[in-house]
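S.K.: This one is start.cif, mmCIF, C-alpha atoms.
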```cif
data_final
#
loop_
_atom_site.group_PDB
_atom_site.id
_atom_site.type_symbol
_atom_site.label_atom_id
_atom_site.label_comp_id
_atom_site.auth_asym_id
_atom_site.auth_seq_id
_atom_site.Cartn_x
_atom_site.Cartn_y
_atom_site.Cartn_z
ATOM 1 C CA MET A 14 0.000 0.000 0.000
ATOM 2 C CA ARG A 15 2.790 2.405 0.830
ATOM 3 C CA ARG A 16 4.724 1.976 -2.356
ATOM 4 C CA ASP A 17 2.350 1.078 -5.155
ATOM 5 C CA HIS A 18 -0.635 3.326 -4.481
ATOM 6 C CA GLU A 19 -0.757 7.107 -4.366
ATOM 7 C CA PRO A 20 -4.296 8.457 -3.998
ATOM 8 C CA VAL A 21 -5.563 11.375 -6.017
ATOM 9 C CA LEU A 22 -4.603 14.810 -4.636
ATOM 10 C CA ARG A 23 -3.142 13.140 -1.552
ATOM 11 C CA ASP A 24 -1.120 15.984 -0.040
ATOM 12 C CA ARG A 25 -3.641 18.734 -0.766
ATOM 13 C CA ALA A 26 -6.459 16.616 0.630
ATOM 14 C CA VAL A 27 -4.599 15.941 3.901
ATOM 15 C CA ASP A 28 -3.646 19.616 4.288
ATOM 16 C CA PHE A 29 -7.280 20.722 3.993
ATOM 17 C CA TRP A 30 -8.675 17.755 5.964
ATOM 18 C CA VAL A 31 -6.870 18.347 9.251
ATOM 19 C CA SER A 32 -7.056 21.671 11.070
ATOM 20 C CA PRO A 33 -4.399 22.483 13.708
ATOM 21 C CA ALA A 34 -6.832 21.599 16.506
ATOM 22 C CA ALA A 35 -8.167 18.373 14.966
ATOM 23 C CA ASP A 36 -8.423 15.330 17.216
ATOM 24 C CA ARG A 37 -10.999 12.936 15.655
ATOM 25 C CA VAL A 38 -11.381 12.695 11.874
ATOM 26 C CA VAL A 39 -13.298 10.509 9.436
ATOM 27 C CA ASP A 40 -12.354 8.972 6.103
ATOM 28 C CA GLY A 41 -15.769 8.155 4.687
ATOM 29 C CA THR A 42 -14.464 6.269 1.639
ATOM 30 C CA VAL A 43 -11.248 4.669 2.849
ATOM 31 C CA GLY A 44 -10.652 2.407 -0.180
ATOM 32 C CA ARG A 45 -6.991 1.382 -0.164
ATOM 33 C CA ALA A 46 -6.368 3.865 2.667
ATOM 34 C CA GLY A 47 -3.893 6.047 0.796
ATOM 35 C CA HIS A 48 -5.258 9.311 2.181
ATOM 36 C CA SER A 49 -5.670 7.838 5.658
ATOM 37 C CA LEU A 50 -2.143 6.471 5.710
ATOM 38 C CA ALA A 51 -0.711 9.878 4.750
ATOM 39 C CA LEU A 52 -2.811 11.517 7.456
ATOM 40 C CA LEU A 53 -1.750 9.137 10.218
ATOM 41 C CA GLU A 54 1.937 9.404 9.349
ATOM 42 C CA LYS A 55 1.849 13.200 9.265
ATOM 43 C CA HIS A 56 -0.393 13.828 12.288
ATOM 44 C CA ARG A 57 0.751 11.561 15.108
ATOM 45 C CA GLU A 58 -1.979 12.447 17.607
ATOM 46 C CA VAL A 59 -5.054 12.341 15.375
ATOM 47 C CA LYS A 60 -7.543 9.482 15.728
ATOM 48 C CA LEU A 61 -9.323 8.125 12.664
ATOM 49 C CA LEU A 62 -12.639 6.456 11.856
ATOM 50 C CA ALA A 63 -12.387 4.823 8.418
ATOM 51 C CA LEU A 64 -15.518 3.712 6.549
ATOM 52 C CA ASP A 65 -16.263 2.022 3.262
ATOM 53 C CA ARG A 66 -19.267 0.310 1.693
ATOM 54 C CA ASP A 67 -17.039 -2.247 -0.043
ATOM 55 C CA PRO A 68 -16.135 -5.213 2.218
ATOM 56 C CA ASP A 69 -12.982 -5.822 0.138
ATOM 57 C CA ALA A 70 -11.863 -2.237 0.788
ATOM 58 C CA VAL A 71 -12.539 -2.635 4.508
ATOM 59 C CA SER A 72 -10.352 -5.751 4.659
ATOM 60 C CA SER A 73 -7.600 -4.019 2.682
ATOM 61 C CA ALA A 74 -7.697 -0.949 4.930
ATOM 62 C CA GLN A 75 -7.587 -3.057 8.081
ATOM 63 C CA ARG A 76 -4.400 -4.728 6.840
ATOM 64 C CA GLY A 77 -2.827 -1.515 5.575
ATOM 65 C CA LEU A 78 -3.506 0.480 8.733
ATOM 66 C CA ALA A 79 -2.724 -2.302 11.212
ATOM 67 C CA GLU A 80 0.303 -0.521 12.666
ATOM 68 C CA PHE A 81 -1.971 2.349 13.737
ATOM 69 C CA VAL A 82 -4.512 0.108 15.462
ATOM 70 C CA ASP A 83 -4.389 2.194 18.650
ATOM 71 C CA ARG A 84 -5.593 5.275 16.732
ATOM 72 C CA VAL A 85 -7.796 3.769 14.016
ATOM 73 C CA GLN A 86 -11.168 2.098 13.774
ATOM 74 C CA VAL A 87 -12.048 0.618 10.375
ATOM 75 C CA ARG A 88 -15.618 -0.475 9.752
ATOM 76 C CA GLY A 89 -17.964 -1.289 6.903
ATOM 77 C CA GLY A 90 -20.755 1.113 6.119
ATOM 78 C CA SER A 91 -21.804 4.169 4.199
ATOM 79 C CA TYR A 92 -20.665 7.707 4.879
ATOM 80 C CA ALA A 93 -24.326 8.664 4.418
ATOM 81 C CA ASP A 94 -24.978 6.991 7.795
ATOM 82 C CA LEU A 95 -22.217 8.976 9.473
ATOM 83 C CA GLY A 96 -24.372 9.976 12.445
ATOM 84 C CA ALA A 97 -24.811 6.356 13.505
ATOM 85 C CA HIS A 98 -21.112 5.599 12.992
ATOM 86 C CA LEU A 99 -20.053 8.613 15.052
ATOM 87 C CA ALA A 100 -22.416 7.581 17.846
ATOM 88 C CA GLU A 101 -20.784 4.147 17.992
ATOM 89 C CA TRP A 102 -17.340 5.786 17.907
ATOM 90 C CA GLY A 103 -17.967 7.601 21.145
ATOM 91 C CA GLY A 104 -20.430 10.263 20.070
ATOM 92 C CA GLY A 105 -19.965 13.877 19.147
ATOM 93 C CA PRO A 106 -19.107 15.467 15.800
ATOM 94 C CA ALA A 107 -15.858 14.963 13.876
ATOM 95 C CA ASP A 108 -13.057 17.499 13.451
ATOM 96 C CA GLY A 109 -12.527 16.514 9.838
ATOM 97 C CA ILE A 110 -14.319 14.501 7.158
ATOM 98 C CA LEU A 111 -12.880 13.315 3.829
ATOM 99 C CA LEU A 112 -14.793 11.771 0.934
ATOM 100 C CA ASP A 113 -13.047 10.469 -2.190
ATOM 101 C CA LEU A 114 -16.054 9.660 -4.340
ATOM 102 C CA GLY A 115 -16.542 7.305 -7.259
ATOM 103 C CA VAL A 116 -14.933 4.004 -8.141
ATOM 104 C CA SER A 117 -11.452 2.887 -7.064
ATOM 105 C CA SER A 118 -8.666 1.358 -9.106
ATOM 106 C CA PRO A 119 -8.958 -2.092 -7.444
ATOM 107 C CA GLN A 120 -12.667 -2.155 -8.263
ATOM 108 C CA LEU A 121 -12.000 -1.206 -11.883
ATOM 109 C CA ASP A 122 -9.222 -3.771 -12.247
ATOM 110 C CA ASP A 123 -11.192 -6.769 -10.917
ATOM 111 C CA PRO A 124 -13.198 -8.429 -13.745
ATOM 112 C CA GLU A 125 -15.463 -10.109 -11.185
ATOM 113 C CA ARG A 126 -16.773 -6.715 -10.046
ATOM 114 C CA GLY A 127 -18.010 -5.644 -13.478
ATOM 115 C CA PHE A 128 -16.972 -1.991 -13.138
ATOM 116 C CA SER A 129 -14.956 -1.839 -16.361
ATOM 117 C CA PHE A 130 -16.005 -2.576 -19.916
ATOM 118 C CA ARG A 131 -12.380 -3.465 -20.673
ATOM 119 C CA PHE A 132 -12.835 -6.921 -19.142
ATOM 120 C CA ASP A 133 -15.501 -9.558 -19.561
ATOM 121 C CA GLY A 134 -17.087 -10.647 -16.318
ATOM 122 C CA PRO A 135 -20.312 -10.620 -14.305
ATOM 123 C CA LEU A 136 -22.291 -7.396 -14.689
ATOM 124 C CA ASP A 137 -22.413 -6.560 -10.981
ATOM 125 C CA LEU A 138 -21.240 -2.960 -10.389
ATOM 126 C CA ARG A 139 -22.195 -2.923 -6.693
ATOM 127 C CA PHE A 140 -19.809 -1.482 -4.113
ATOM 128 C CA ASP A 141 -21.217 -3.963 -1.605
ATOM 129 C CA ARG A 142 -22.072 -7.255 -3.278
ATOM 130 C CA THR A 143 -23.943 -8.443 -0.180
ATOM 131 C CA ARG A 144 -26.664 -5.803 -0.563
ATOM 132 C CA GLY A 145 -29.169 -4.786 -3.219
ATOM 133 C CA GLU A 146 -29.394 -6.037 -6.769
ATOM 134 C CA SER A 147 -26.649 -6.349 -9.341
ATOM 135 C CA ALA A 148 -26.548 -4.235 -12.484
ATOM 136 C CA GLY A 149 -27.568 -7.292 -14.490
ATOM 137 C CA ALA A 150 -30.649 -7.835 -12.319
ATOM 138 C CA TRP A 151 -31.497 -4.124 -12.480
ATOM 139 C CA LEU A 152 -31.249 -4.090 -16.291
ATOM 140 C CA ALA A 153 -33.507 -7.141 -16.473
ATOM 141 C CA ARG A 154 -36.449 -5.359 -14.853
ATOM 142 C CA VAL A 155 -35.947 -1.574 -15.250
ATOM 143 C CA ASP A 156 -38.685 0.307 -17.103
ATOM 144 C CA PRO A 157 -37.564 1.645 -20.535
ATOM 145 C CA GLY A 158 -38.488 5.193 -19.565
ATOM 146 C CA GLU A 159 -36.516 5.011 -16.331
ATOM 147 C CA LEU A 160 -33.557 3.495 -18.152
ATOM 148 C CA THR A 161 -33.592 6.365 -20.643
ATOM 149 C CA ARG A 162 -33.691 8.881 -17.801
ATOM 150 C CA VAL A 163 -30.801 7.208 -15.991
ATOM 151 C CA LEU A 164 -28.631 7.142 -19.106
ATOM 152 C CA ARG A 165 -29.434 10.761 -19.924
ATOM 153 C CA GLU A 166 -29.175 12.260 -16.441
ATOM 154 C CA LEU A 167 -26.572 10.106 -14.719
ATOM 155 C CA GLY A 168 -24.418 9.317 -17.731
ATOM 156 C CA GLU A 169 -25.097 12.404 -19.853
ATOM 157 C CA GLU A 170 -25.350 10.004 -22.800
ATOM 158 C CA PRO A 171 -26.567 11.845 -25.933
ATOM 159 C CA ARG A 172 -27.959 8.614 -27.427
ATOM 160 C CA ALA A 173 -29.828 7.711 -24.235
ATOM 161 C CA ARG A 174 -33.114 6.787 -25.908
ATOM 162 C CA ARG A 175 -31.458 4.703 -28.621
ATOM 163 C CA VAL A 176 -29.218 2.891 -26.153
ATOM 164 C CA ALA A 177 -32.159 2.200 -23.839
ATOM 165 C CA ARG A 178 -34.210 0.778 -26.719
ATOM 166 C CA ALA A 179 -31.284 -1.423 -27.753
ATOM 167 C CA ILE A 180 -30.857 -2.739 -24.194
ATOM 168 C CA VAL A 181 -34.569 -3.516 -23.857
ATOM 169 C CA ALA A 182 -34.598 -5.322 -27.219
ATOM 170 C CA ALA A 183 -31.449 -7.289 -26.351
ATOM 171 C CA ARG A 184 -32.731 -8.437 -22.962
ATOM 172 C CA GLU A 185 -35.742 -9.980 -24.679
ATOM 173 C CA GLU A 186 -33.368 -12.258 -26.568
ATOM 174 C CA ALA A 187 -31.027 -13.159 -23.694
ATOM 175 C CA PRO A 188 -30.079 -11.797 -20.266
ATOM 176 C CA ILE A 189 -27.582 -8.922 -20.183
ATOM 177 C CA ASP A 190 -25.608 -10.298 -17.265
ATOM 178 C CA THR A 191 -22.002 -9.832 -18.365
ATOM 179 C CA THR A 192 -19.942 -6.753 -19.132
ATOM 180 C CA GLY A 193 -19.111 -8.147 -22.547
ATOM 181 C CA ARG A 194 -22.754 -8.513 -23.549
ATOM 182 C CA LEU A 195 -23.600 -4.973 -22.422
ATOM 183 C CA ARG A 196 -20.538 -3.690 -24.286
ATOM 184 C CA ASP A 197 -21.706 -5.382 -27.497
ATOM 185 C CA VAL A 198 -25.182 -3.862 -27.178
ATOM 186 C CA ILE A 199 -23.800 -0.343 -26.677
ATOM 187 C CA GLN A 200 -21.334 -0.674 -29.528
ATOM 188 C CA GLY A 201 -24.199 -1.734 -31.762
ATOM 189 C CA VAL A 202 -25.671 1.732 -31.217
ATOM 190 C CA ALA A 203 -22.541 3.865 -30.904
ATOM 191 C CA GLY A 204 -20.530 2.172 -33.608
ATOM 192 C CA ARG A 205 -17.084 0.716 -33.159
ATOM 193 C CA ARG A 206 -14.907 3.765 -33.771
ATOM 194 C CA ASP A 207 -12.604 3.705 -30.767
ATOM 195 C CA GLU A 208 -13.133 7.238 -29.469
ATOM 196 C CA VAL A 209 -16.921 7.369 -29.927
ATOM 197 C CA SER A 210 -17.457 3.847 -28.637
ATOM 198 C CA SER A 211 -15.237 4.270 -25.562
ATOM 199 C CA LYS A 212 -16.929 7.508 -24.516
ATOM 200 C CA SER A 213 -20.386 6.010 -24.893
ATOM 201 C CA LEU A 214 -19.368 2.867 -23.015
ATOM 202 C CA ALA A 215 -17.920 4.939 -20.163
ATOM 203 C CA ARG A 216 -21.066 7.067 -19.918
ATOM 204 C CA VAL A 217 -23.445 4.086 -19.879
ATOM 205 C CA PHE A 218 -21.423 2.078 -17.364
ATOM 206 C CA GLN A 219 -21.157 5.167 -15.147
ATOM 207 C CA ALA A 220 -24.896 5.803 -15.283
ATOM 208 C CA ILE A 221 -25.808 2.237 -14.397
ATOM 209 C CA ARG A 222 -23.224 2.123 -11.594
ATOM 210 C CA ILE A 223 -24.516 5.350 -10.045
ATOM 211 C CA ALA A 224 -28.107 4.099 -10.245
ATOM 212 C CA VAL A 225 -27.394 0.639 -8.802
ATOM 213 C CA ASN A 226 -25.422 2.045 -5.865
ATOM 214 C CA GLY A 227 -27.661 5.059 -5.239
ATOM 215 C CA GLU A 228 -24.535 7.219 -5.260
ATOM 216 C CA LEU A 229 -26.194 10.610 -5.629
ATOM 217 C CA GLU A 230 -28.769 9.781 -2.982
ATOM 218 C CA GLU A 231 -25.938 8.817 -0.607
ATOM 219 C CA LEU A 232 -24.142 12.101 -1.272
ATOM 220 C CA ASP A 233 -27.351 14.097 -0.772
ATOM 221 C CA ARG A 234 -28.002 12.378 2.572
ATOM 222 C CA PHE A 235 -24.483 13.166 3.715
ATOM 223 C CA LEU A 236 -24.691 16.816 2.694
ATOM 224 C CA ASP A 237 -28.098 17.189 4.362
ATOM 225 C CA GLY A 238 -26.686 15.938 7.673
ATOM 226 C CA LEU A 239 -23.251 17.533 7.455
ATOM 227 C CA ARG A 240 -23.942 20.401 9.862
ATOM 228 C CA GLY A 241 -24.610 18.019 12.725
ATOM 229 C CA HIS A 242 -21.584 15.816 11.970
ATOM 230 C CA LEU A 243 -18.871 18.485 11.819
ATOM 231 C CA ALA A 244 -17.470 20.167 14.933
ATOM 232 C CA LEU A 245 -16.873 23.918 15.056
ATOM 233 C CA GLY A 246 -13.543 24.531 13.356
ATOM 234 C CA GLY A 247 -13.752 21.137 11.638
ATOM 235 C CA ARG A 248 -13.062 20.672 7.942
ATOM 236 C CA VAL A 249 -14.873 18.767 5.205
ATOM 237 C CA VAL A 250 -13.038 17.746 2.020
ATOM 238 C CA ILE A 251 -14.797 16.140 -0.942
ATOM 239 C CA ILE A 252 -13.060 14.861 -4.075
ATOM 240 C CA SER A 253 -15.433 14.196 -6.966
ATOM 241 C CA PHE A 254 -14.884 12.853 -10.449
ATOM 242 C CA HIS A 255 -17.884 14.005 -12.458
ATOM 243 C CA SER A 256 -20.058 17.081 -12.679
ATOM 244 C CA LEU A 257 -23.141 15.483 -11.098
ATOM 245 C CA GLU A 258 -21.302 15.126 -7.796
ATOM 246 C CA ASP A 259 -19.288 18.324 -8.017
ATOM 247 C CA ARG A 260 -22.372 20.475 -8.659
ATOM 248 C CA ARG A 261 -24.073 19.058 -5.572
ATOM 249 C CA VAL A 262 -21.048 19.756 -3.391
ATOM 250 C CA LYS A 263 -20.575 23.256 -4.788
ATOM 251 C CA ARG A 264 -24.219 24.200 -4.239
ATOM 252 C CA ALA A 265 -24.339 22.733 -0.734
ATOM 253 C CA PHE A 266 -21.177 24.538 0.351
ATOM 254 C CA ARG A 267 -22.356 27.785 -1.199
ATOM 255 C CA ALA A 268 -25.758 27.575 0.520
ATOM 256 C CA ALA A 269 -24.172 26.816 3.898
ATOM 257 C CA ALA A 270 -21.826 29.809 3.513
ATOM 258 C CA ARG A 271 -24.680 32.320 3.063
ATOM 259 C CA ASP A 272 -25.161 34.748 5.939
ATOM 260 C CA CYS A 273 -28.691 35.618 4.828
ATOM 261 C CA ILE A 274 -31.089 32.728 4.238
ATOM 262 C CA CYS A 275 -34.174 34.780 3.414
ATOM 263 C CA PRO A 276 -36.087 34.036 0.204
ATOM 264 C CA SER A 277 -34.749 36.091 -2.708
ATOM 265 C CA GLU A 278 -38.128 37.786 -3.226
ATOM 266 C CA LEU A 279 -37.960 39.555 0.156
ATOM 267 C CA PRO A 280 -36.915 43.205 -0.310
ATOM 268 C CA VAL A 281 -34.956 43.290 2.971
ATOM 269 C CA CYS A 282 -33.308 40.688 5.186
ATOM 270 C CA ALA A 283 -35.645 39.290 7.829
ATOM 271 C CA CYS A 284 -33.378 36.586 9.282
ATOM 272 C CA GLY A 285 -30.905 39.074 10.709
ATOM 273 C CA GLY A 286 -27.889 37.631 8.896
ATOM 274 C CA GLY A 287 -25.067 35.703 10.468
ATOM 275 C CA GLN A 288 -26.572 32.366 9.396
ATOM 276 C CA ALA A 289 -23.511 30.962 7.603
ATOM 277 C CA TRP A 290 -22.193 27.754 9.184
ATOM 278 C CA LEU A 291 -19.501 26.944 6.618
ATOM 279 C CA ARG A 292 -16.573 28.937 5.267
ATOM 280 C CA VAL A 293 -15.522 27.760 1.826
ATOM 281 C CA LEU A 294 -11.753 27.211 1.674
ATOM 282 C CA THR A 295 -11.554 26.586 -2.078
ATOM 283 C CA SER A 296 -12.952 29.440 -4.182
ATOM 284 C CA ARG A 297 -12.346 27.197 -7.180
ATOM 285 C CA PRO A 298 -11.939 23.416 -7.115
ATOM 286 C CA VAL A 299 -8.413 22.122 -6.615
ATOM 287 C CA THR A 300 -7.273 19.957 -9.529
ATOM 288 C CA ALA A 301 -4.288 17.722 -10.143
ATOM 289 C CA GLU A 302 -0.972 19.048 -11.407
ATOM 290 C CA PRO A 303 0.255 17.775 -14.809
ATOM 291 C CA HIS A 304 2.815 15.445 -13.215
ATOM 292 C CA GLU A 305 0.094 13.741 -11.166
ATOM 293 C CA VAL A 306 -2.154 13.314 -14.200
ATOM 294 C CA GLU A 307 0.749 11.774 -16.083
ATOM 295 C CA ALA A 308 1.358 9.289 -13.260
ATOM 296 C CA ASN A 309 -2.342 8.651 -12.651
ATOM 297 C CA PRO A 310 -4.699 9.472 -15.560
ATOM 298 C CA ARG A 311 -7.710 9.074 -13.242
ATOM 299 C CA ALA A 312 -6.618 12.285 -11.522
ATOM 300 C CA ARG A 313 -7.460 14.311 -14.635
ATOM 301 C CA SER A 314 -11.135 14.625 -13.738
ATOM 302 C CA ALA A 315 -10.692 14.995 -9.970
ATOM 303 C CA LYS A 316 -12.020 18.145 -8.284
ATOM 304 C CA LEU A 317 -11.416 18.850 -4.621
ATOM 305 C CA ARG A 318 -13.596 21.237 -2.625
ATOM 306 C CA ALA A 319 -13.090 22.039 1.055
ATOM 307 C CA ALA A 320 -14.916 24.030 3.714
ATOM 308 C CA GLU A 321 -14.625 24.760 7.432
ATOM 309 C CA ARG A 322 -17.369 24.747 10.059
ATOM 310 C CA VAL A 323 -17.886 28.198 11.577
ATOM 311 C CA PRO A 324 -20.285 29.362 14.304
ATOM 312 C CA THR A 325 -23.476 31.093 13.282
ATOM 313 C CA ARG A 326 -24.467 34.333 15.014
ATOM 314 C CA GLY A 327 -26.643 32.337 17.390
ATOM 315 C CA GLU A 328 -23.847 29.896 18.199
ATOM 316 C CA ARG A 329 -21.452 32.788 18.847
ATOM 317 C CA GLY A 330 -23.982 34.282 21.239
ATOM 318 C CA ASN A 331 -24.164 31.050 23.210
ATOM 319 C CA GLU A 332 -20.426 30.775 23.738
#
```
Just give me the structure of the file as structure tokens.

M.R.:
Amino acid sequence: MRRDHEPVLRDRAVDFWVSPAADRVVDGTVGRAGHSLALLEKHREVKLLALDRDPDAVSSAQRGLAEFVDRVQVRGGSYADLGAHLAEWGGGPADGILLDLGVSSPQLDDPERGFSFRFDGPLDLRFDRTRGESAGAWLARVDPGELTRVLRELGEEPRARRVARAIVAAREEAPIDTTGRLRDVIQGVAGRRDEVSSKSLARVFQAIRIAVNGELEELDRFLDGLRGHLALGGRVVIISFHSLEDRRVKRAFRAAARDCICPSELPVCACGGGQAWLRVLTSRPVTAEPHEVEANPRARSAKLRAAERVPTRGERGNE
């Protein structure tokens, strides 16, 4: 883990994640624990709660962070349920929260997981294969209209209707339960020119993965509960890899940083101001430097946004 894996935006993420006064922090998507390992080596007093929905990632993180067992708790579960995890970790909000969203390299590289169209294998696409239905099962029963919506909205696929029709027609002939079969169906619509086909394949696989795992719903739940999970002075850092996630994070941070929360149609402020509970630390998203993109092409689409919990006027008055 130390030598062969460098997570996206590692150093910048750790710098934003941990404030000088931080004591208890959370890695909500620990994966191969690259960010967590860098944190624990740099900040010798900080305690860490590491979460992941993927049981394989949990096992990997437990092995990789074993030397820090006195400061680390690794457990399976979703960052969207952070309140329950914090309660079991001793209660109280965290001083720092990191999310590295999307799919990890080990997931992409394992044909049995079905995350990549480069390999032929079961069409699963679940982060946690013990819960919910696989992508193959979802494709077997999804309504054509819903499938079109998913491809258009979650994959931003311009041929969404045509691809959906092709999938529905193909499943009538035989189950679409392998990555290779889904790849053939998509290529039948997009054509086999490398650039066009690869982009369409990536968009469709992304859309189905997001739908099967409820990824946007998980992110929305986390953002809705963030205020109660982050201690005053605590930091939240979110690394996203596509615009659907990044827009949600940007809007949530911006809304939480507003001093006035009155409806825009009111001619004057009625709330009295001082309602902001976040201070945005990144006016623009942090992106990878060219040398990092060269070493890790996945970093090209990464966007990091960070914010710090601040007291509202009411909270300042209660101090």

S.K.: Env of Gly47 of chain A: 7 Å cut, atoms = all atoms listed in the file, seq-sep filter 2 positions within chain, self excluded. Answer as a PyMOL selection string.

M.R.: chain A and resi 18-20+45+49-51

S.K.: I'd like the neighbourhood of Val116 of chain A as a list of chain:residue names, where a residue qualifies if any of its atoms comes within 10 Å (using all atoms listed in the file), though same-chain residues fewer than 3 positions away should be ignored.

M.R.: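 The residues that qualify are A:Gly44, A:Asp113, A:Pro119, A:Gln120, A:Leu121, A:Phe128, A:Leu138, A:Phe140, A:Gln219, A:Arg222, A:Ile223, A:Phe254.
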
S.K.: Kindly indicate which residue among A:Glu54, A:Val71, A:Gly149, A:Glu159 lies nearest to Asp24 of chain A, using only C-alpha atoms for the distances.

M.R.: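 Comparing A:Glu54, A:Val71, A:Gly149, A:Glu159 against Asp24 of chain A, the winner is A:Glu54.
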
S.K.: Can you tell me, as a list in words, what residues are no more than 8 Å from Gly105 of chain A when counting only C-alpha atoms, ignoring any on the same chain fewer than 4 positions away?

M.R.: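 Everything that qualifies: Leu99, Ala100, His242 and Ala244 of chain A.
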
S.K.: Which residues come within 10 Å of Asp83 of chain A, counting only C-alpha atoms, excluding same-chain residues fewer than 3 positions away, as a ChimeraX atom specification?

M.R.: /A:60-61,79-80,86
